[in-house]
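See structure below.
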Amino acid sequence: MSTISAISTAFGKGGIAVIRMSGEDSLNILNKVFVPFGKKNIEDYPPNTLIYGDIYKDGRIIDRGMAVYFKGPKSYTGEDSAELHCHGGILLSQMVLEATFTAGAVPAGAGEFTQRAFLSGKMGLSQAEAVIDLIDAQSESKAVLAASQADGRLSKKIDSIYSSLMAIVSSIYAYIDYPDEDLTDVSVEDMKSGLYDIKNELLKLKKTYRTGRAVCEGINTVIAGKPNTGKSSLLNMLLGEERAIVTSIAGTTRDTVEETLSAGRVLLRLCDTAGIRDADDEVEEIGVRKAIKKLEEAELVLAVFDGSRALDSEDGEVIRQLEELKDNKTVIVVLNKSDVANELKAEDFKNITNHVISISAKEEKGKDELIELIEKIYIDGEIEYSTACVVTNARQYASVDSALTHIESAIESLEKGFTQDIAGMELEIAMSHLGNLDGRKITEDVVSNIFGRFCIGK
């Protein structure tokens, strides 16, 4: 396998830049581009030692910096690896990178260092996904949760469940294949007991996805309502800045305004929309169509009403739209303009939600209460991020859910009186799904898709 090289620090000027290499030729390449101060050889230093010296390109010194050599398998990738730490100029770091290419390295692909770590068994697939979550973290909660998962907590839990299934399946087929040997059969009751324990473990994992997704993937959220209720003011209040134009003219917002923000521990992928009503012109009509489409696609709807006025026909149309969609989304009714008056009550919205909150976007009152309500809906208070096993993305959830389905089918077959080998077939499929979760049995396309999300150099 070729030796890869890339700049691992962010593009731009900085105190230092780090050029990373991985592959069997790492030490040889490092010797060609770096000479330790005092002219000692790199091999004279123990691995994992930071060495001060000169960095060369085309036979001349271009910088003085640091280097470190990692002897595989005691490295991030499991291979021989090295790093060069130079001053953080854009041109200079590129020159050092080019020097490694001249010496025999090839450019690394997106996520290739972490992919090599996965392929060498240094980490499971869920740990690799946690690395990108850690890099992409937009909230402290996501960073803490990702760090926990990168430590292998989910991988260890899946390993334990997989091993339990393996023991049951092995016992079934050993007894069937070698009936004359002195092997103990697993009774139906013992088998069911073991499967119920596994089922409960998978149910616990499945339950964590609502929280994991809210923290890591984010909740697709739309702000909707008729014109001039304060939708854009709500967006600005949540963001803490004047992101959307706010005027007293109804229908100011014509297009969608999309932002990502942390509402406490929940990541919201937030979209402000045009007011829903019979449009006065073609441009506004397009905006209303977009608003309705976003409303249909959203998981969470912040439905904004002018709490200082009685409901009118335009409010009624918004409520009608929400009544049609309420079964597949969460609706929070936000009664704005509480600084003016409170004419509306929770009972007015009992057909669409029991989540109703009053705010004043103008005076920025009610923000904390709204965030607290969103956290209450999506965050399981029993989950301790730093120690819990949490399912954080749709791929992991699909594997857990599919495995659980086949475990339940196996239990059902036993309860109906089918032989244990029939249940064993279901359990083999369940094991396959769990294997997919952490990379035991995974297609090349899935691996490429996951590591394609990484930046070059990680």
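Following the order of the structure tokens, chains are lettered A, B, ..., residues in each are numbered from 1, and ligands are numbered from 1.
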If you run DSSP over the backbone, which residues in segment 83-219 of chain A end up strand (DSSP E or B)? Put them as a PDB file with all heavy atoms, in the first residue's frame.
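Result saved to out_37.pdb:
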```
ATOM      1  N   GLU A  83       4.798  12.761  11.216  1.00  0.00           N
ATOM      2  CA  GLU A  83       4.264  14.121  11.104  1.00  0.00           C
ATOM      3  C   GLU A  83       5.394  15.122  11.017  1.00  0.00           C
ATOM      4  O   GLU A  83       6.446  14.950  11.651  1.00  0.00           O
ATOM      5  CB  GLU A  83       3.387  14.469  12.316  1.00  0.00           C
ATOM      6  CG  GLU A  83       2.072  13.731  12.388  1.00  0.00           C
ATOM      7  CD  GLU A  83       1.271  14.106  13.616  1.00  0.00           C
ATOM      8  OE1 GLU A  83       1.752  14.958  14.413  1.00  0.00           O
ATOM      9  OE2 GLU A  83       0.169  13.550  13.795  1.00  0.00           O
ATOM     10  N   LEU A  84       5.182  16.150  10.228  1.00  0.00           N
ATOM     11  CA  LEU A  84       6.079  17.299  10.160  1.00  0.00           C
ATOM     12  C   LEU A  84       5.312  18.525  10.642  1.00  0.00           C
ATOM     13  O   LEU A  84       4.208  18.812  10.155  1.00  0.00           O
ATOM     14  CB  LEU A  84       6.550  17.521   8.720  1.00  0.00           C
ATOM     15  CG  LEU A  84       7.600  16.544   8.191  1.00  0.00           C
ATOM     16  CD1 LEU A  84       7.610  16.560   6.666  1.00  0.00           C
ATOM     17  CD2 LEU A  84       8.979  16.900   8.743  1.00  0.00           C
ATOM     18  N   HIS A  85       5.888  19.254  11.604  1.00  0.00           N
ATOM     19  CA  HIS A  85       5.262  20.459  12.137  1.00  0.00           C
ATOM     20  C   HIS A  85       6.092  21.656  11.677  1.00  0.00           C
ATOM     21  O   HIS A  85       7.229  21.844  12.121  1.00  0.00           O
ATOM     22  CB  HIS A  85       5.225  20.417  13.659  1.00  0.00           C
ATOM     23  CG  HIS A  85       4.440  19.265  14.214  1.00  0.00           C
ATOM     24  ND1 HIS A  85       4.038  19.209  15.529  1.00  0.00           N
ATOM     25  CD2 HIS A  85       3.973  18.123  13.633  1.00  0.00           C
ATOM     26  CE1 HIS A  85       3.372  18.084  15.739  1.00  0.00           C
ATOM     27  NE2 HIS A  85       3.325  17.414  14.595  1.00  0.00           N
ATOM     28  N   CYS A  86       5.515  22.447  10.798  1.00  0.00           N
ATOM     29  CA  CYS A  86       6.230  23.619  10.276  1.00  0.00           C
ATOM     30  C   CYS A  86       5.478  24.881  10.667  1.00  0.00           C
ATOM     31  O   CYS A  86       4.388  24.822  11.260  1.00  0.00           O
ATOM     32  CB  CYS A  86       6.371  23.526   8.759  1.00  0.00           C
ATOM     33  SG  CYS A  86       4.808  23.601   7.847  1.00  0.00           S
ATOM     34  N   HIS A  87       6.054  26.046  10.348  1.00  0.00           N
ATOM     35  CA  HIS A  87       5.329  27.287  10.574  1.00  0.00           C
ATOM     36  C   HIS A  87       4.091  27.331   9.671  1.00  0.00           C
ATOM     37  O   HIS A  87       4.094  26.801   8.563  1.00  0.00           O
ATOM     38  CB  HIS A  87       6.238  28.495  10.320  1.00  0.00           C
ATOM     39  CG  HIS A  87       7.300  28.642  11.362  1.00  0.00           C
ATOM     40  ND1 HIS A  87       8.579  28.151  11.204  1.00  0.00           N
ATOM     41  CD2 HIS A  87       7.268  29.208  12.592  1.00  0.00           C
ATOM     42  CE1 HIS A  87       9.302  28.415  12.290  1.00  0.00           C
ATOM     43  NE2 HIS A  87       8.519  29.056  13.154  1.00  0.00           N
ATOM     44  N   GLY A  88       3.044  27.979  10.171  1.00  0.00           N
ATOM     45  CA  GLY A  88       1.741  27.848   9.526  1.00  0.00           C
ATOM     46  C   GLY A  88       1.430  28.815   8.409  1.00  0.00           C
ATOM     47  O   GLY A  88       0.331  29.369   8.368  1.00  0.00           O
ATOM     48  N   VAL A 106       2.238   9.942  -1.823  1.00  0.00           N
ATOM     49  CA  VAL A 106       1.170  10.282  -2.762  1.00  0.00           C
ATOM     50  C   VAL A 106       0.089  11.023  -1.973  1.00  0.00           C
ATOM     51  O   VAL A 106      -0.044  10.858  -0.759  1.00  0.00           O
ATOM     52  CB  VAL A 106       0.573   9.026  -3.430  1.00  0.00           C
ATOM     53  CG1 VAL A 106       1.628   8.302  -4.250  1.00  0.00           C
ATOM     54  CG2 VAL A 106      -0.055   8.089  -2.411  1.00  0.00           C
ATOM     55  N   PRO A 107      -0.700  11.865  -2.658  1.00  0.00           N
ATOM     56  CA  PRO A 107      -1.742  12.621  -1.946  1.00  0.00           C
ATOM     57  C   PRO A 107      -2.775  11.700  -1.297  1.00  0.00           C
ATOM     58  O   PRO A 107      -3.219  10.727  -1.903  1.00  0.00           O
ATOM     59  CB  PRO A 107      -2.368  13.484  -3.055  1.00  0.00           C
ATOM     60  CG  PRO A 107      -1.335  13.559  -4.120  1.00  0.00           C
ATOM     61  CD  PRO A 107      -0.611  12.254  -4.083  1.00  0.00           C
ATOM     62  N   ALA A 110      -9.851  11.916   0.843  1.00  0.00           N
ATOM     63  CA  ALA A 110     -10.683  12.368   1.964  1.00  0.00           C
ATOM     64  C   ALA A 110     -10.868  11.232   2.963  1.00  0.00           C
ATOM     65  O   ALA A 110     -11.299  10.140   2.604  1.00  0.00           O
ATOM     66  CB  ALA A 110     -12.035  12.840   1.450  1.00  0.00           C
ATOM     67  N   ILE A 219     -32.291  18.303  14.002  1.00  0.00           N
ATOM     68  CA  ILE A 219     -33.715  18.153  13.734  1.00  0.00           C
ATOM     69  C   ILE A 219     -34.128  19.133  12.640  1.00  0.00           C
ATOM     70  O   ILE A 219     -33.909  20.346  12.751  1.00  0.00           O
ATOM     71  CB  ILE A 219     -34.554  18.425  15.007  1.00  0.00           C
ATOM     72  CG1 ILE A 219     -34.114  17.493  16.140  1.00  0.00           C
ATOM     73  CG2 ILE A 219     -36.038  18.258  14.725  1.00  0.00           C
ATOM     74  CD1 ILE A 219     -34.254  16.036  15.842  1.00  0.00           C
TER      75      ILE A 219
END
```
Contacts of segment 80-197 of chain A with segment 205-213 of chain A up to 10 Å, shortest pair per row, only C-alpha atoms, as JSON lines:
```
{"residue": "A:Lys142", "atom": "CA", "partner": "A:Gly212", "partner_atom": "CA", "distance": 8.7}
{"residue": "A:Leu145", "atom": "CA", "partner": "A:Gly212", "partner_atom": "CA", "distance": 8.2}
{"residue": "A:Ala146", "atom": "CA", "partner": "A:Gly212", "partner_atom": "CA", "distance": 9.6}
{"residue": "A:Leu154", "atom": "CA", "partner": "A:Leu205", "partner_atom": "CA", "distance": 9.0}
{"residue": "A:Lys157", "atom": "CA", "partner": "A:Leu205", "partner_atom": "CA", "distance": 9.2}
{"residue": "A:Ile158", "atom": "CA", "partner": "A:Leu205", "partner_atom": "CA", "distance": 9.6}
```
Go ahead and dump the residues you just picked, N, CA, C and O atoms, as a PDB file, in the first residue's frame.
```pdb
ATOM      1  N   LYS A 142     -22.658  17.835  21.344  1.00  0.00           N
ATOM      2  CA  LYS A 142     -22.232  16.938  20.285  1.00  0.00           C
ATOM      3  C   LYS A 142     -20.775  16.556  20.457  1.00  0.00           C
ATOM      4  O   LYS A 142     -20.402  15.387  20.224  1.00  0.00           O
ATOM      5  N   LEU A 145     -20.584  13.950  23.307  1.00  0.00           N
ATOM      6  CA  LEU A 145     -21.154  12.677  22.879  1.00  0.00           C
ATOM      7  C   LEU A 145     -20.257  11.995  21.852  1.00  0.00           C
ATOM      8  O   LEU A 145     -20.012  10.783  21.923  1.00  0.00           O
ATOM      9  N   ALA A 146     -19.744  12.750  20.896  1.00  0.00           N
ATOM     10  CA  ALA A 146     -18.870  12.184  19.869  1.00  0.00           C
ATOM     11  C   ALA A 146     -17.582  11.637  20.489  1.00  0.00           C
ATOM     12  O   ALA A 146     -17.087  10.578  20.092  1.00  0.00           O
ATOM     13  N   LEU A 154     -20.045   2.409  21.940  1.00  0.00           N
ATOM     14  CA  LEU A 154     -21.053   1.716  21.135  1.00  0.00           C
ATOM     15  C   LEU A 154     -20.474   0.437  20.530  1.00  0.00           C
ATOM     16  O   LEU A 154     -21.136  -0.611  20.501  1.00  0.00           O
ATOM     17  N   LYS A 157     -20.487  -2.308  23.098  1.00  0.00           N
ATOM     18  CA  LYS A 157     -21.835  -2.812  23.343  1.00  0.00           C
ATOM     19  C   LYS A 157     -22.276  -3.736  22.214  1.00  0.00           C
ATOM     20  O   LYS A 157     -22.836  -4.821  22.464  1.00  0.00           O
ATOM     21  N   ILE A 158     -22.026  -3.342  20.974  1.00  0.00           N
ATOM     22  CA  ILE A 158     -22.391  -4.186  19.830  1.00  0.00           C
ATOM     23  C   ILE A 158     -21.590  -5.483  19.849  1.00  0.00           C
ATOM     24  O   ILE A 158     -22.122  -6.564  19.564  1.00  0.00           O
TER      25      ILE A 158
END
```
Just give me the gap between atom CA of Thr330 of chain A and atom CA of Gly316 of chain A in Å, one decimal is fine.
->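 Computed distance, atom CA of Thr330 of chain A to atom CA of Gly316 of chain A, equals 18.5 Å.
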Counting only C-alpha atoms, what is within 6 Å of segment 422-437 of chain A, bar same-chain residues fewer than 6 positions away, as number ranges by chain?
-> A: 169, 396, 399, 403, 406, 410
Give me a file of those residues, with N, CA and C atoms, as a PDB file, in the first residue's frame.
```pdb
ATOM      1  N   VAL A 169     -26.316 -19.189  18.559  1.00  0.00           N
ATOM      2  CA  VAL A 169     -26.343 -19.804  17.227  1.00  0.00           C
ATOM      3  C   VAL A 169     -25.372 -20.973  17.150  1.00  0.00           C
ATOM      4  N   GLN A 396     -26.635   3.563  11.677  1.00  0.00           N
ATOM      5  CA  GLN A 396     -26.563   2.757  12.886  1.00  0.00           C
ATOM      6  C   GLN A 396     -27.960   2.332  13.342  1.00  0.00           C
ATOM      7  N   SER A 399     -29.390  -0.559  11.329  1.00  0.00           N
ATOM      8  CA  SER A 399     -28.793  -1.845  11.690  1.00  0.00           C
ATOM      9  C   SER A 399     -29.386  -2.393  12.978  1.00  0.00           C
ATOM     10  N   ALA A 403     -31.789  -5.732  13.152  1.00  0.00           N
ATOM     11  CA  ALA A 403     -31.382  -6.837  14.023  1.00  0.00           C
ATOM     12  C   ALA A 403     -32.484  -7.154  15.022  1.00  0.00           C
ATOM     13  N   HIS A 406     -35.389  -9.184  13.543  1.00  0.00           N
ATOM     14  CA  HIS A 406     -35.113 -10.617  13.360  1.00  0.00           C
ATOM     15  C   HIS A 406     -34.990 -11.351  14.697  1.00  0.00           C
ATOM     16  N   ALA A 410     -37.325 -14.512  15.678  1.00  0.00           N
ATOM     17  CA  ALA A 410     -36.795 -15.765  16.237  1.00  0.00           C
ATOM     18  C   ALA A 410     -37.564 -16.159  17.495  1.00  0.00           C
TER      19      ALA A 410
END
```
Contacts of Leu270 of chain A at 9 Å (only C-alpha atoms; same-chain gap of 4+ positions) as a ChimeraX atom specification = /A:219-223,235,257-261
What does the distance from atom CA of Thr114 of chain A to atom CA of Val390 of chain A come to in Å, to one decimal?
->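 So the two atoms, atom CA of Thr114 of chain A and atom CA of Val390 of chain A, lie 20.9 Å apart.
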Which residue, A:Cys389, A:Ile62, A:Ile359, A:Ala82, has the smallest gap to Ile42 of chain A when you use only C-alpha atoms?
-> A:Ala82
From the set A:Asp151, A:Ser360, A:Ser5, A:Ala137, which residue has the shortest atom-to-atom contact distance to Glu112 of chain A, counting only C-alpha atoms?
->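 Counting only C-alpha atoms, the residue closest to Glu112 of chain A is A:Ser5.
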Just the residues within 10 Å of Gly124 of chain A, please, counting only C-alpha atoms, with nothing from its chain fewer than 2 positions along; format it as a PyMOL selection string.
-> chain A and resi 117-122+126-130+150+152+154-156+437-440
Give the alpha helix (DSSP H) residues of segment 64-270 of chain A, as assigned by DSSP on the backbone, as a ChimeraX atom specification.
-> /A:90-102,112-119,125-136,140-150,153-177,188-216,231-239
For atom CA of Met66 of chain A and atom CA of Thr102 of chain A, the interatomic separation in Å (one decimal) =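 Interatomic distance, atom CA of Met66 of chain A to atom CA of Thr102 of chain A: 19.4 Å.
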